[in-house]
file input05.pdb (PDB, C-alpha atoms, pLDDT in the B column)
MODEL        1
ATOM      1  CA  MET A   1      16.351 -16.503  56.440  1.00 46.00           C
ATOM      2  CA  ALA A   2      14.432 -14.474  59.018  1.00 44.00           C
ATOM      3  CA  ALA A   3      17.414 -14.584  61.362  1.00 46.00           C
ATOM      4  CA  LEU A   4      19.684 -13.268  58.632  1.00 48.00           C
ATOM      5  CA  GLN A   5      17.317 -10.393  57.870  1.00 49.00           C
ATOM      6  CA  LEU A   6      17.052  -9.542  61.567  1.00 48.00           C
ATOM      7  CA  SER A   7      20.836  -9.534  61.889  1.00 49.00           C
ATOM      8  CA  GLN A   8      21.132  -7.157  58.931  1.00 50.00           C
ATOM      9  CA  LYS A   9      18.740  -4.683  60.549  1.00 49.00           C
ATOM     10  CA  LEU A  10      20.457  -4.931  63.946  1.00 49.00           C
ATOM     11  CA  SER A  11      23.896  -4.428  62.393  1.00 47.00           C
ATOM     12  CA  ARG A  12      22.783  -1.310  60.568  1.00 52.00           C
ATOM     13  CA  SER A  13      20.976   0.209  63.523  1.00 50.00           C
ATOM     14  CA  LEU A  14      23.923  -0.403  65.849  1.00 48.00           C
ATOM     15  CA  LEU A  15      26.501   1.004  63.481  1.00 45.00           C
ATOM     16  CA  SER A  16      24.392   4.077  62.720  1.00 47.00           C
ATOM     17  CA  SER A  17      23.141   4.727  66.238  1.00 46.00           C
ATOM     18  CA  SER A  18      25.540   7.609  66.717  1.00 43.00           C
ATOM     19  CA  SER A  19      26.672  10.128  64.105  1.00 45.00           C
ATOM     20  CA  SER A  20      30.127  10.397  65.652  1.00 45.00           C
ATOM     21  CA  PRO A  21      30.671   7.614  68.198  1.00 47.00           C
ATOM     22  CA  SER A  22      33.844   7.379  70.202  1.00 51.00           C
ATOM     23  CA  SER A  23      36.379   4.856  68.891  1.00 47.00           C
ATOM     24  CA  SER A  24      35.728   2.641  71.935  1.00 49.00           C
ATOM     25  CA  LEU A  25      31.965   2.692  71.445  1.00 52.00           C
ATOM     26  CA  HIS A  26      32.351   2.137  67.724  1.00 46.00           C
ATOM     27  CA  ARG A  27      34.521  -0.946  68.281  1.00 49.00           C
ATOM     28  CA  THR A  28      32.034  -2.309  70.806  1.00 48.00           C
ATOM     29  CA  LEU A  29      29.069  -1.822  68.483  1.00 51.00           C
ATOM     30  CA  THR A  30      30.941  -3.296  65.536  1.00 47.00           C
ATOM     31  CA  THR A  31      31.949  -6.372  67.534  1.00 47.00           C
ATOM     32  CA  LEU A  32      28.409  -6.846  68.873  1.00 51.00           C
ATOM     33  CA  ALA A  33      26.893  -6.527  65.395  1.00 51.00           C
ATOM     34  CA  ALA A  34      29.370  -8.984  63.870  1.00 48.00           C
ATOM     35  CA  SER A  35      28.813 -11.477  66.692  1.00 46.00           C
ATOM     36  CA  TYR A  36      25.053 -11.322  66.283  1.00 51.00           C
ATOM     37  CA  ARG A  37      25.335 -11.819  62.529  1.00 49.00           C
ATOM     38  CA  SER A  38      27.608 -14.827  63.031  1.00 45.00           C
ATOM     39  CA  LEU A  39      25.193 -16.388  65.538  1.00 48.00           C
ATOM     40  CA  SER A  40      22.256 -15.819  63.215  1.00 52.00           C
ATOM     41  CA  ASN A  41      24.170 -17.366  60.341  1.00 47.00           C
ATOM     42  CA  LEU A  42      24.961 -20.505  62.339  1.00 43.00           C
ATOM     43  CA  LEU A  43      21.311 -20.842  63.346  1.00 48.00           C
ATOM     44  CA  SER A  44      20.000 -20.532  59.782  1.00 51.00           C
ATOM     45  CA  PRO A  45      18.444 -23.727  58.373  1.00 50.00           C
ATOM     46  CA  ASP A  46      20.913 -23.925  55.484  1.00 48.00           C
ATOM     47  CA  CYS A  47      23.891 -23.809  57.835  1.00 52.00           C
ATOM     48  CA  LEU A  48      22.430 -26.393  60.191  1.00 45.00           C
ATOM     49  CA  ILE A  49      21.811 -28.763  57.294  1.00 39.00           C
ATOM     50  CA  SER A  50      25.356 -28.224  56.054  1.00 38.00           C
ATOM     51  CA  TYR A  51      26.800 -28.943  59.474  1.00 35.00           C
ATOM     52  CA  THR A  52      24.681 -32.068  59.973  1.00 34.00           C
ATOM     53  CA  ALA A  53      25.766 -33.460  56.616  1.00 35.00           C
ATOM     54  CA  THR A  54      29.485 -32.783  56.954  1.00 34.00           C
ATOM     55  CA  GLY A  55      30.108 -32.564  60.698  1.00 37.00           C
ATOM     56  CA  ASN A  56      32.514 -29.715  59.941  1.00 37.00           C
ATOM     57  CA  LEU A  57      31.682 -26.122  59.093  1.00 36.00           C
ATOM     58  CA  ASN A  58      35.214 -25.371  57.918  1.00 38.00           C
ATOM     59  CA  GLN A  59      35.901 -28.058  55.341  1.00 35.00           C
ATOM     60  CA  SER A  60      37.929 -26.705  52.425  1.00 35.00           C
ATOM     61  CA  PRO A  61      38.631 -29.430  49.851  1.00 35.00           C
ATOM     62  CA  TRP A  62      39.810 -26.795  47.381  1.00 35.00           C
ATOM     63  CA  SER A  63      43.048 -26.175  49.268  1.00 35.00           C
ATOM     64  CA  ALA A  64      44.420 -29.518  48.060  1.00 33.00           C
ATOM     65  CA  ILE A  65      44.216 -28.441  44.414  1.00 40.00           C
ATOM     66  CA  GLN A  66      44.512 -24.677  44.744  1.00 44.00           C
ATOM     67  CA  ASN A  67      48.023 -24.447  43.352  1.00 46.00           C
ATOM     68  CA  ARG A  68      47.603 -26.741  40.375  1.00 51.00           C
ATOM     69  CA  GLY A  69      48.233 -24.854  37.138  1.00 61.00           C
ATOM     70  CA  ALA A  70      49.161 -25.400  33.522  1.00 80.00           C
ATOM     71  CA  LYS A  71      51.428 -23.896  30.932  1.00 86.00           C
ATOM     72  CA  VAL A  72      49.656 -21.645  28.435  1.00 88.00           C
ATOM     73  CA  THR A  73      50.944 -19.312  25.744  1.00 90.00           C
ATOM     74  CA  ALA A  74      50.838 -15.583  26.397  1.00 91.00           C
ATOM     75  CA  ILE A  75      48.473 -15.009  23.474  1.00 90.00           C
ATOM     76  CA  ASP A  76      45.851 -17.136  25.256  1.00 90.00           C
ATOM     77  CA  LEU A  77      45.794 -14.988  28.418  1.00 88.00           C
ATOM     78  CA  ARG A  78      42.614 -13.071  29.210  1.00 86.00           C
ATOM     79  CA  PRO A  79      41.683 -10.448  31.846  1.00 84.00           C
ATOM     80  CA  GLY A  80      40.893 -12.197  35.121  1.00 82.00           C
ATOM     81  CA  ASN A  81      43.375 -15.027  34.595  1.00 85.00           C
ATOM     82  CA  VAL A  82      45.900 -15.611  37.376  1.00 89.00           C
ATOM     83  CA  ILE A  83      49.514 -16.415  36.503  1.00 90.00           C
ATOM     84  CA  GLU A  84      52.793 -17.041  38.280  1.00 90.00           C
ATOM     85  CA  THR A  85      55.882 -15.321  36.932  1.00 88.00           C
ATOM     86  CA  LYS A  86      59.168 -14.305  38.539  1.00 85.00           C
ATOM     87  CA  GLY A  87      58.131 -16.167  41.671  1.00 86.00           C
ATOM     88  CA  LYS A  88      55.048 -13.995  42.241  1.00 88.00           C
ATOM     89  CA  ILE A  89      51.316 -14.403  41.677  1.00 88.00           C
ATOM     90  CA  PHE A  90      49.560 -11.874  39.427  1.00 90.00           C
ATOM     91  CA  GLN A  91      46.060 -11.350  38.100  1.00 88.00           C
ATOM     92  CA  VAL A  92      45.770 -10.268  34.469  1.00 89.00           C
ATOM     93  CA  VAL A  93      44.103  -6.852  34.260  1.00 87.00           C
ATOM     94  CA  ASP A  94      44.478  -6.103  30.548  1.00 89.00           C
ATOM     95  CA  VAL A  95      45.974  -7.753  27.467  1.00 90.00           C
ATOM     96  CA  GLU A  96      47.200  -5.941  24.360  1.00 91.00           C
ATOM     97  CA  HIS A  97      48.575  -7.550  21.226  1.00 89.00           C
ATOM     98  CA  LYS A  98      51.443  -5.516  19.761  1.00 87.00           C
ATOM     99  CA  GLN A  99      52.983  -5.885  16.327  1.00 81.00           C
ATOM    100  CA  ARG A 100      56.683  -4.993  16.199  1.00 72.00           C
ATOM    101  CA  GLY A 101      57.117  -4.841  12.440  1.00 69.00           C
ATOM    102  CA  ARG A 102      59.705  -7.307  11.254  1.00 69.00           C
ATOM    103  CA  GLY A 103      60.566  -8.069  14.858  1.00 66.00           C
ATOM    104  CA  GLY A 104      57.391 -10.123  15.278  1.00 77.00           C
ATOM    105  CA  ALA A 105      54.451  -9.757  17.661  1.00 87.00           C
ATOM    106  CA  SER A 106      54.313  -9.571  21.440  1.00 90.00           C
ATOM    107  CA  MET A 107      51.763  -9.408  24.236  1.00 91.00           C
ATOM    108  CA  GLN A 108      51.729  -6.413  26.581  1.00 92.00           C
ATOM    109  CA  ILE A 109      50.152  -7.691  29.795  1.00 92.00           C
ATOM    110  CA  GLU A 110      48.995  -5.394  32.596  1.00 92.00           C
ATOM    111  CA  LEU A 111      49.159  -7.292  35.873  1.00 92.00           C
ATOM    112  CA  ARG A 112      48.073  -6.793  39.488  1.00 88.00           C
ATOM    113  CA  ASN A 113      50.147  -8.351  42.244  1.00 88.00           C
ATOM    114  CA  VAL A 114      47.775 -10.542  44.284  1.00 85.00           C
ATOM    115  CA  ASP A 115      49.771 -10.032  47.498  1.00 82.00           C
ATOM    116  CA  ASN A 116      50.044  -6.235  47.581  1.00 81.00           C
ATOM    117  CA  GLY A 117      47.716  -4.971  44.830  1.00 81.00           C
ATOM    118  CA  ASN A 118      50.501  -3.159  42.958  1.00 88.00           C
ATOM    119  CA  LYS A 119      50.194  -3.025  39.183  1.00 90.00           C
ATOM    120  CA  GLN A 120      52.904  -3.495  36.618  1.00 91.00           C
ATOM    121  CA  SER A 121      53.179  -4.147  32.899  1.00 92.00           C
ATOM    122  CA  LEU A 122      55.202  -7.007  31.396  1.00 91.00           C
ATOM    123  CA  ARG A 123      55.864  -8.016  27.804  1.00 91.00           C
ATOM    124  CA  PHE A 124      55.795 -11.614  26.586  1.00 91.00           C
ATOM    125  CA  GLY A 125      56.297 -13.206  23.217  1.00 90.00           C
ATOM    126  CA  THR A 126      53.010 -14.385  21.747  1.00 89.00           C
ATOM    127  CA  GLU A 127      54.065 -18.034  21.983  1.00 90.00           C
ATOM    128  CA  GLU A 128      55.976 -17.666  25.249  1.00 91.00           C
ATOM    129  CA  ALA A 129      54.926 -20.188  27.880  1.00 91.00           C
ATOM    130  CA  VAL A 130      53.322 -18.771  31.031  1.00 91.00           C
ATOM    131  CA  GLU A 131      52.321 -20.624  34.207  1.00 90.00           C
ATOM    132  CA  ARG A 132      48.598 -20.155  34.674  1.00 88.00           C
ATOM    133  CA  VAL A 133      47.256 -20.655  38.205  1.00 87.00           C
ATOM    134  CA  TYR A 134      43.695 -21.843  38.651  1.00 85.00           C
ATOM    135  CA  VAL A 135      41.500 -20.056  41.151  1.00 86.00           C
ATOM    136  CA  GLU A 136      38.525 -21.147  43.214  1.00 88.00           C
ATOM    137  CA  GLU A 137      35.071 -19.865  42.326  1.00 88.00           C
ATOM    138  CA  ARG A 138      32.494 -19.773  45.102  1.00 92.00           C
ATOM    139  CA  SER A 139      28.862 -18.723  45.245  1.00 94.00           C
ATOM    140  CA  PHE A 140      27.619 -16.215  47.812  1.00 95.00           C
ATOM    141  CA  THR A 141      24.401 -14.440  48.754  1.00 95.00           C
ATOM    142  CA  LEU A 142      24.653 -10.682  49.220  1.00 95.00           C
ATOM    143  CA  LEU A 143      23.416  -9.688  52.680  1.00 93.00           C
ATOM    144  CA  TYR A 144      23.765  -5.966  51.991  1.00 91.00           C
ATOM    145  CA  ALA A 145      26.140  -3.403  50.501  1.00 91.00           C
ATOM    146  CA  GLU A 146      26.988   0.016  51.858  1.00 90.00           C
ATOM    147  CA  SER A 147      29.856   2.507  51.939  1.00 91.00           C
ATOM    148  CA  GLY A 148      31.714   0.683  49.185  1.00 93.00           C
ATOM    149  CA  ARG A 149      31.653  -2.672  50.990  1.00 94.00           C
ATOM    150  CA  ALA A 150      29.667  -5.812  50.186  1.00 95.00           C
ATOM    151  CA  TYR A 151      28.747  -8.257  52.958  1.00 96.00           C
ATOM    152  CA  LEU A 152      28.366 -11.784  51.591  1.00 96.00           C
ATOM    153  CA  MET A 153      27.283 -15.147  52.985  1.00 95.00           C
ATOM    154  CA  ASP A 154      28.418 -18.570  51.741  1.00 92.00           C
ATOM    155  CA  LEU A 155      25.441 -20.690  52.798  1.00 87.00           C
ATOM    156  CA  GLN A 156      27.240 -23.968  52.050  1.00 86.00           C
ATOM    157  CA  LYS A 157      30.179 -23.237  54.336  1.00 85.00           C
ATOM    158  CA  CYS A 158      28.250 -20.901  56.663  1.00 87.00           C
ATOM    159  CA  GLU A 159      30.952 -18.257  56.269  1.00 89.00           C
ATOM    160  CA  GLN A 160      30.489 -14.510  56.044  1.00 92.00           C
ATOM    161  CA  LEU A 161      32.843 -12.405  53.943  1.00 93.00           C
ATOM    162  CA  GLU A 162      33.324  -8.669  53.492  1.00 94.00           C
ATOM    163  CA  VAL A 163      34.788  -7.412  50.197  1.00 94.00           C
ATOM    164  CA  PRO A 164      35.063  -4.038  48.429  1.00 93.00           C
ATOM    165  CA  THR A 165      32.297  -3.534  45.866  1.00 93.00           C
ATOM    166  CA  GLU A 166      34.936  -2.513  43.319  1.00 89.00           C
ATOM    167  CA  LEU A 167      35.708  -6.221  42.872  1.00 88.00           C
ATOM    168  CA  PHE A 168      32.513  -6.362  40.793  1.00 89.00           C
ATOM    169  CA  GLY A 169      33.618  -3.558  38.469  1.00 85.00           C
ATOM    170  CA  GLU A 170      30.772  -1.815  36.638  1.00 86.00           C
ATOM    171  CA  SER A 171      28.395  -4.549  37.786  1.00 88.00           C
ATOM    172  CA  ALA A 172      28.606  -3.196  41.348  1.00 91.00           C
ATOM    173  CA  GLN A 173      25.755  -0.826  40.520  1.00 91.00           C
ATOM    174  CA  TYR A 174      23.441  -3.834  40.228  1.00 92.00           C
ATOM    175  CA  LEU A 175      24.121  -5.224  43.695  1.00 92.00           C
ATOM    176  CA  LYS A 176      21.019  -5.673  45.850  1.00 89.00           C
ATOM    177  CA  GLU A 177      20.089  -7.641  48.940  1.00 90.00           C
ATOM    178  CA  ASP A 178      19.726 -11.408  48.449  1.00 91.00           C
ATOM    179  CA  ILE A 179      21.276 -11.386  44.965  1.00 92.00           C
ATOM    180  CA  LYS A 180      23.427 -14.426  44.147  1.00 94.00           C
ATOM    181  CA  VAL A 181      27.006 -13.553  43.216  1.00 94.00           C
ATOM    182  CA  LYS A 182      30.239 -15.420  42.540  1.00 93.00           C
ATOM    183  CA  LEU A 183      33.730 -14.639  43.761  1.00 92.00           C
ATOM    184  CA  GLN A 184      36.992 -15.808  42.246  1.00 89.00           C
ATOM    185  CA  LEU A 185      39.553 -16.459  44.989  1.00 89.00           C
ATOM    186  CA  TYR A 186      43.216 -17.428  45.120  1.00 86.00           C
ATOM    187  CA  ASP A 187      44.516 -18.755  48.444  1.00 83.00           C
ATOM    188  CA  GLU A 188      41.333 -17.386  50.105  1.00 85.00           C
ATOM    189  CA  THR A 189      42.027 -13.892  48.683  1.00 86.00           C
ATOM    190  CA  PRO A 190      39.076 -12.484  46.660  1.00 90.00           C
ATOM    191  CA  LEU A 191      40.281 -11.363  43.232  1.00 87.00           C
ATOM    192  CA  SER A 192      37.091 -10.481  41.383  1.00 87.00           C
ATOM    193  CA  GLY A 193      33.336 -10.876  41.508  1.00 90.00           C
ATOM    194  CA  THR A 194      30.543 -11.475  39.032  1.00 90.00           C
ATOM    195  CA  ILE A 195      26.767 -11.182  39.176  1.00 92.00           C
ATOM    196  CA  PRO A 196      24.091 -12.961  37.107  1.00 92.00           C
ATOM    197  CA  LYS A 197      23.421 -11.691  33.590  1.00 92.00           C
ATOM    198  CA  GLN A 198      19.734 -11.336  34.419  1.00 93.00           C
ATOM    199  CA  VAL A 199      18.466  -9.971  37.729  1.00 93.00           C
ATOM    200  CA  LYS A 200      14.951  -9.186  38.980  1.00 94.00           C
ATOM    201  CA  TYR A 201      14.231  -5.668  40.291  1.00 94.00           C
ATOM    202  CA  THR A 202      11.156  -3.755  41.423  1.00 95.00           C
ATOM    203  CA  ILE A 203      10.364  -0.355  39.914  1.00 95.00           C
ATOM    204  CA  LYS A 204      10.337   2.009  42.872  1.00 93.00           C
ATOM    205  CA  ASP A 205       9.325   5.140  40.991  1.00 92.00           C
ATOM    206  CA  MET A 206       9.034   6.599  37.503  1.00 89.00           C
ATOM    207  CA  LYS A 207      11.077   9.629  36.512  1.00 81.00           C
ATOM    208  CA  GLY A 208       9.264  10.817  33.388  1.00 70.00           C
ATOM    209  CA  LEU A 209       9.931  10.369  29.693  1.00 66.00           C
ATOM    210  CA  ALA A 210      13.265   9.176  28.363  1.00 60.00           C
ATOM    211  CA  ALA A 211      14.813  10.098  25.027  1.00 62.00           C
ATOM    212  CA  THR A 212      11.857   8.663  23.090  1.00 69.00           C
ATOM    213  CA  PRO A 213       8.125   8.735  23.985  1.00 75.00           C
ATOM    214  CA  ARG A 214       7.977   4.925  24.042  1.00 85.00           C
ATOM    215  CA  TYR A 215      10.227   4.811  27.096  1.00 88.00           C
ATOM    216  CA  LYS A 216      10.345   6.184  30.630  1.00 89.00           C
ATOM    217  CA  LYS A 217      13.111   6.429  33.188  1.00 91.00           C
ATOM    218  CA  ALA A 218      12.525   3.977  36.009  1.00 92.00           C
ATOM    219  CA  ILE A 219      14.119   4.143  39.469  1.00 93.00           C
ATOM    220  CA  LEU A 220      14.698   0.588  40.653  1.00 93.00           C
ATOM    221  CA  ASP A 221      14.695  -0.712  44.221  1.00 90.00           C
ATOM    222  CA  ASN A 222      18.512  -0.410  44.327  1.00 87.00           C
ATOM    223  CA  ASP A 223      18.209   3.248  43.155  1.00 88.00           C
ATOM    224  CA  LEU A 224      19.589   2.453  39.698  1.00 90.00           C
ATOM    225  CA  ILE A 225      17.907   4.341  36.832  1.00 91.00           C
ATOM    226  CA  ILE A 226      17.259   2.606  33.507  1.00 91.00           C
ATOM    227  CA  GLN A 227      14.943   3.116  30.527  1.00 91.00           C
ATOM    228  CA  VAL A 228      11.821   0.939  30.446  1.00 92.00           C
ATOM    229  CA  PRO A 229       8.747   0.780  28.170  1.00 92.00           C
ATOM    230  CA  SER A 230       6.195   3.474  28.956  1.00 88.00           C
ATOM    231  CA  TYR A 231       3.453   0.923  29.730  1.00 90.00           C
ATOM    232  CA  LEU A 232       5.193  -0.081  32.987  1.00 91.00           C
ATOM    233  CA  ASP A 233       4.311   1.461  36.347  1.00 90.00           C
ATOM    234  CA  ALA A 234       5.842   1.781  39.813  1.00 92.00           C
ATOM    235  CA  GLY A 235       5.591  -1.407  41.853  1.00 94.00           C
ATOM    236  CA  GLU A 236       6.067  -3.783  38.917  1.00 95.00           C
ATOM    237  CA  GLU A 237       8.868  -6.346  38.858  1.00 96.00           C
ATOM    238  CA  ILE A 238      11.104  -6.486  35.803  1.00 96.00           C
ATOM    239  CA  ILE A 239      14.100  -8.456  34.529  1.00 96.00           C
ATOM    240  CA  VAL A 240      17.214  -6.388  33.753  1.00 95.00           C
ATOM    241  CA  ASP A 241      20.186  -7.385  31.589  1.00 94.00           C
ATOM    242  CA  THR A 242      23.175  -6.446  33.762  1.00 91.00           C
ATOM    243  CA  THR A 243      25.676  -6.630  30.887  1.00 88.00           C
ATOM    244  CA  GLU A 244      23.689  -4.588  28.373  1.00 89.00           C
ATOM    245  CA  HIS A 245      22.230  -2.312  31.101  1.00 89.00           C
ATOM    246  CA  SER A 246      18.782  -2.710  29.607  1.00 92.00           C
ATOM    247  CA  PHE A 247      15.208  -3.835  30.274  1.00 94.00           C
ATOM    248  CA  ILE A 248      14.407  -7.418  29.198  1.00 95.00           C
ATOM    249  CA  SER A 249      10.845  -8.162  30.259  1.00 95.00           C
ATOM    250  CA  ARG A 250       8.286  -8.135  33.017  1.00 93.00           C
ATOM    251  CA  ALA A 251       9.080 -10.662  35.722  1.00 91.00           C
ATOM    252  CA  LYS A 252       6.850 -13.722  35.649  1.00 83.00           C
TER     253      LYS A 252
ENDMDL
END
call {"tool": "encode", "arguments": {"input": "input05.pdb", "output": "structure tokens"}}
result
Amino acid sequence: MAALQLSQKLSRSLLSSSSSPSSSLHRTLTTLAASYRSLSNLLSPDCLISYTATGNLNQSPWSAIQNRGAKVTAIDLRPGNVIETKGKIFQVVDVEHKQRGRGGASMQIELRNVDNGNKQSLRFGTEEAVERVYVEERSFTLLYAESGRAYLMDLQKCEQLEVPTELFGESAQYLKEDIKVKLQLYDETPLSGTIPKQVKYTIKDMKGLAATPRYKKAILDNDLIIQVPSYLDAGEEIIVDTTEHSFISRAK
């Protein structure tokens, strides 16, 4: 992983070497940084092992089953599901069950068009059949995140991917270098991202007492601030619950 870490540092230094570079210089630096990262990735032990085992860095067995789906009823849809309706592919953003008095119930579904990102709302009967499309889920390692972008590495396929951090929703605040994340993709298009429920962080600094004397405000190594027990000190590693936004325990 030393090569990956070196490539991260080189990329950052190149891209920040001038406060206002010319467009030509900026393109040159960006290309050089990306090329160096790609070379480092290919030379990493994990990638070399993957290549030796498969003989092909670009195998994609998922493509053969990507479009397989199944009929489900509208009442079974959940945020994050991907469906096909009216000849287009949508991701479910929100689901609301509506009661129409004697007219029966319906499902108000907020959708996002996978192709163009546009949102729209459609109404379905609760038992109306909908074509659900299955998506691919892949694991990545976060190289680094900055300026609203996350730079990820799939060590199995030796592929690097750049995505907006907003794909992770509120969990984006917990992103840190080397964290393992998962992306849900349809036809190679990232739709959403998730991070582990429990993540290890180092307390970088303490910010004083919290709402109660038993707790302090801790600044973590990703600059996130959470409440921790007062017996903890800067430099200690802790486990954080990323869904409850709370301290779990000291790291073992």
call {"tool": "resolve_selection", "arguments": {"input": "input05.pdb", "expression": "the PyMOL selection byres ((chain A and resi 247) around 12)", "output": "ChimeraX atom specification"}}
result
/A:197-203,215-218,220,225-230,232,237-246,248-251
call {"tool": "axis_aligned_box", "arguments": {"input": "input05.pdb", "around": "region 191-204 of chain A", "padding_each_side": "8 Å", "output": "JSON"}}
result
{"center_x": 25.3, "center_y": -5.5, "center_z": 38.4, "size_x": 45.9, "size_y": 31.0, "size_z": 25.6}
call {"tool": "resolve_selection", "arguments": {"input": "input05.pdb", "expression": "the PyMOL selection byres ((chain A and resi 117-128) around 8)", "output": "list in words"}}
result
Thr73, Ala74, Ile75, Ala105, Ser106, Met107, Gln108, Ile109, Glu110, Leu111, Arg112, Asn113, Val114, Asp115, Asn116, Ala129 and Val130 of chain A
call {"tool": "write_last_selection", "arguments": {"input": "input05.pdb", "atoms": "C-alpha atoms", "output": "tab-separated table (two decimals), in the frame of the given file"}}
result
chain	number	residue	atom	x	y	z
A	73	THR	CA	50.94	-19.31	25.74
A	74	ALA	CA	50.84	-15.58	26.40
A	75	ILE	CA	48.47	-15.01	23.47
A	105	ALA	CA	54.45	-9.76	17.66
A	106	SER	CA	54.31	-9.57	21.44
A	107	MET	CA	51.76	-9.41	24.24
A	108	GLN	CA	51.73	-6.41	26.58
A	109	ILE	CA	50.15	-7.69	29.80
A	110	GLU	CA	49.00	-5.39	32.60
A	111	LEU	CA	49.16	-7.29	35.87
A	112	ARG	CA	48.07	-6.79	39.49
A	113	ASN	CA	50.15	-8.35	42.24
A	114	VAL	CA	47.78	-10.54	44.28
A	115	ASP	CA	49.77	-10.03	47.50
A	116	ASN	CA	50.04	-6.24	47.58
A	129	ALA	CA	54.93	-20.19	27.88
A	130	VAL	CA	53.32	-18.77	31.03
call {"tool": "residues_around", "arguments": {"input": "input05.pdb", "residues": "Pro196 (chain A)", "least_positions_apart": "6", "cutoff": "12 Å", "atoms": "all atoms listed in the file", "output": "JSON, numbers by chain"}}
result
{"A": [139, 140, 141, 168, 171, 172, 174, 175, 176, 179, 180, 181, 182, 183, 239, 240, 241, 242, 243]}
call {"tool": "resolve_selection", "arguments": {"input": "input05.pdb", "expression": "the PyMOL selection byres ((chain A and resi 162) around 6)", "output": "list of chain:residue names"}}
result
A:Ala150, A:Tyr151, A:Leu161, A:Val163
call {"tool": "atom_distance", "arguments": {"input": "input05.pdb", "atom1": "CA of Lys98 (chain A)", "atom2": "CA of Val72 (chain A)"}}
result
18.4 Å
call {"tool": "residues_near_point", "arguments": {"input": "input05.pdb", "point": "(32.9, 4.9, 51.3)", "cutoff": "12 Å", "atoms": "only C-alpha atoms", "output": "list of chain:residue names"}}
result
A:Ala145, A:Glu146, A:Ser147, A:Gly148, A:Arg149, A:Ala150, A:Pro164, A:Thr165, A:Glu166
call {"tool": "atom_distance", "arguments": {"input": "input05.pdb", "atom1": "CA of Leu77 (chain A)", "atom2": "CA of Glu136 (chain A)"}}
result
17.6 Å
call {"tool": "atom_distance", "arguments": {"input": "input05.pdb", "atom1": "CA of Glu236 (chain A)", "atom2": "CA of Met206 (chain A)"}}
result
10.9 Å
call {"tool": "residues_around", "arguments": {"input": "input05.pdb", "residues": "Arg78 (chain A)", "least_positions_apart": "4", "cutoff": "10 Å", "atoms": "all atoms listed in the file", "output": "PDB file with C-alpha atoms, in the coordinates of the input"}}
result
ATOM      1  CA  ALA A  74      50.838 -15.583  26.397  1.00 91.00           C
ATOM      2  CA  VAL A  82      45.900 -15.611  37.376  1.00 89.00           C
ATOM      3  CA  GLN A  91      46.060 -11.350  38.100  1.00 88.00           C
ATOM      4  CA  VAL A  92      45.770 -10.268  34.469  1.00 89.00           C
ATOM      5  CA  VAL A  93      44.103  -6.852  34.260  1.00 87.00           C
ATOM      6  CA  ASP A  94      44.478  -6.103  30.548  1.00 89.00           C
ATOM      7  CA  VAL A  95      45.974  -7.753  27.467  1.00 90.00           C
ATOM      8  CA  GLU A  96      47.200  -5.941  24.360  1.00 91.00           C
ATOM      9  CA  ILE A 109      50.152  -7.691  29.795  1.00 92.00           C
TER      10      ILE A 109
END
call {"tool": "closest_residue", "arguments": {"input": "input05.pdb", "among": "A:Tyr134, A:Lys88, A:Gln173, A:Gly193", "to": "Leu152 (chain A)", "atoms": "all atoms listed in the file"}}
result
A:Gly193
call {"tool": "closest_residue", "arguments": {"input": "input05.pdb", "among": "A:Glu131, A:Asp205, A:Glu137, A:Asp223", "to": "Gly235 (chain A)", "atoms": "only C-alpha atoms"}}
result
A:Asp205
call {"tool": "decode", "arguments": {"input": "input05.pdb", "residues": "region 92-116 of chain A", "atoms": "C-alpha atoms", "output": "PDB file, in the first residue's frame"}}
result
ATOM      1  CA  VAL A  92     -36.489   5.119  -5.424  1.00  0.00           C
ATOM      2  CA  VAL A  93     -35.745   8.174  -3.276  1.00  0.00           C
ATOM      3  CA  ASP A  94     -38.758   8.161  -0.951  1.00  0.00           C
ATOM      4  CA  VAL A  95     -41.906   6.099  -0.414  1.00  0.00           C
ATOM      5  CA  GLU A  96     -45.133   7.352   1.155  1.00  0.00           C
ATOM      6  CA  HIS A  97     -48.240   5.303   1.824  1.00  0.00           C
ATOM      7  CA  LYS A  98     -51.405   7.328   1.192  1.00  0.00           C
ATOM      8  CA  GLN A  99     -54.930   6.438   2.231  1.00  0.00           C
ATOM      9  CA  ARG A 100     -57.607   7.745  -0.142  1.00  0.00           C
ATOM     10  CA  GLY A 101     -60.652   7.150   2.030  1.00  0.00           C
ATOM     11  CA  ARG A 102     -63.106   4.838   0.352  1.00  0.00           C
ATOM     12  CA  GLY A 103     -61.013   4.972  -2.796  1.00  0.00           C
ATOM     13  CA  GLY A 104     -58.400   2.668  -1.267  1.00  0.00           C
ATOM     14  CA  ALA A 105     -54.687   3.155  -0.613  1.00  0.00           C
ATOM     15  CA  SER A 106     -51.852   4.118  -2.931  1.00  0.00           C
ATOM     16  CA  MET A 107     -48.089   4.545  -2.875  1.00  0.00           C
ATOM     17  CA  GLN A 108     -46.566   7.940  -3.668  1.00  0.00           C
ATOM     18  CA  ILE A 109     -43.061   7.182  -4.928  1.00  0.00           C
ATOM     19  CA  GLU A 110     -40.393   9.855  -5.373  1.00  0.00           C
ATOM     20  CA  LEU A 111     -37.984   8.731  -8.076  1.00  0.00           C
ATOM     21  CA  ARG A 112     -34.645   9.843  -9.529  1.00  0.00           C
ATOM     22  CA  ASN A 113     -33.940   9.181 -13.188  1.00  0.00           C
ATOM     23  CA  VAL A 114     -30.685   7.188 -13.325  1.00  0.00           C
ATOM     24  CA  ASP A 115     -29.738   8.617 -16.737  1.00  0.00           C
ATOM     25  CA  ASN A 116     -30.130  12.349 -16.088  1.00  0.00           C
TER      26      ASN A 116
END
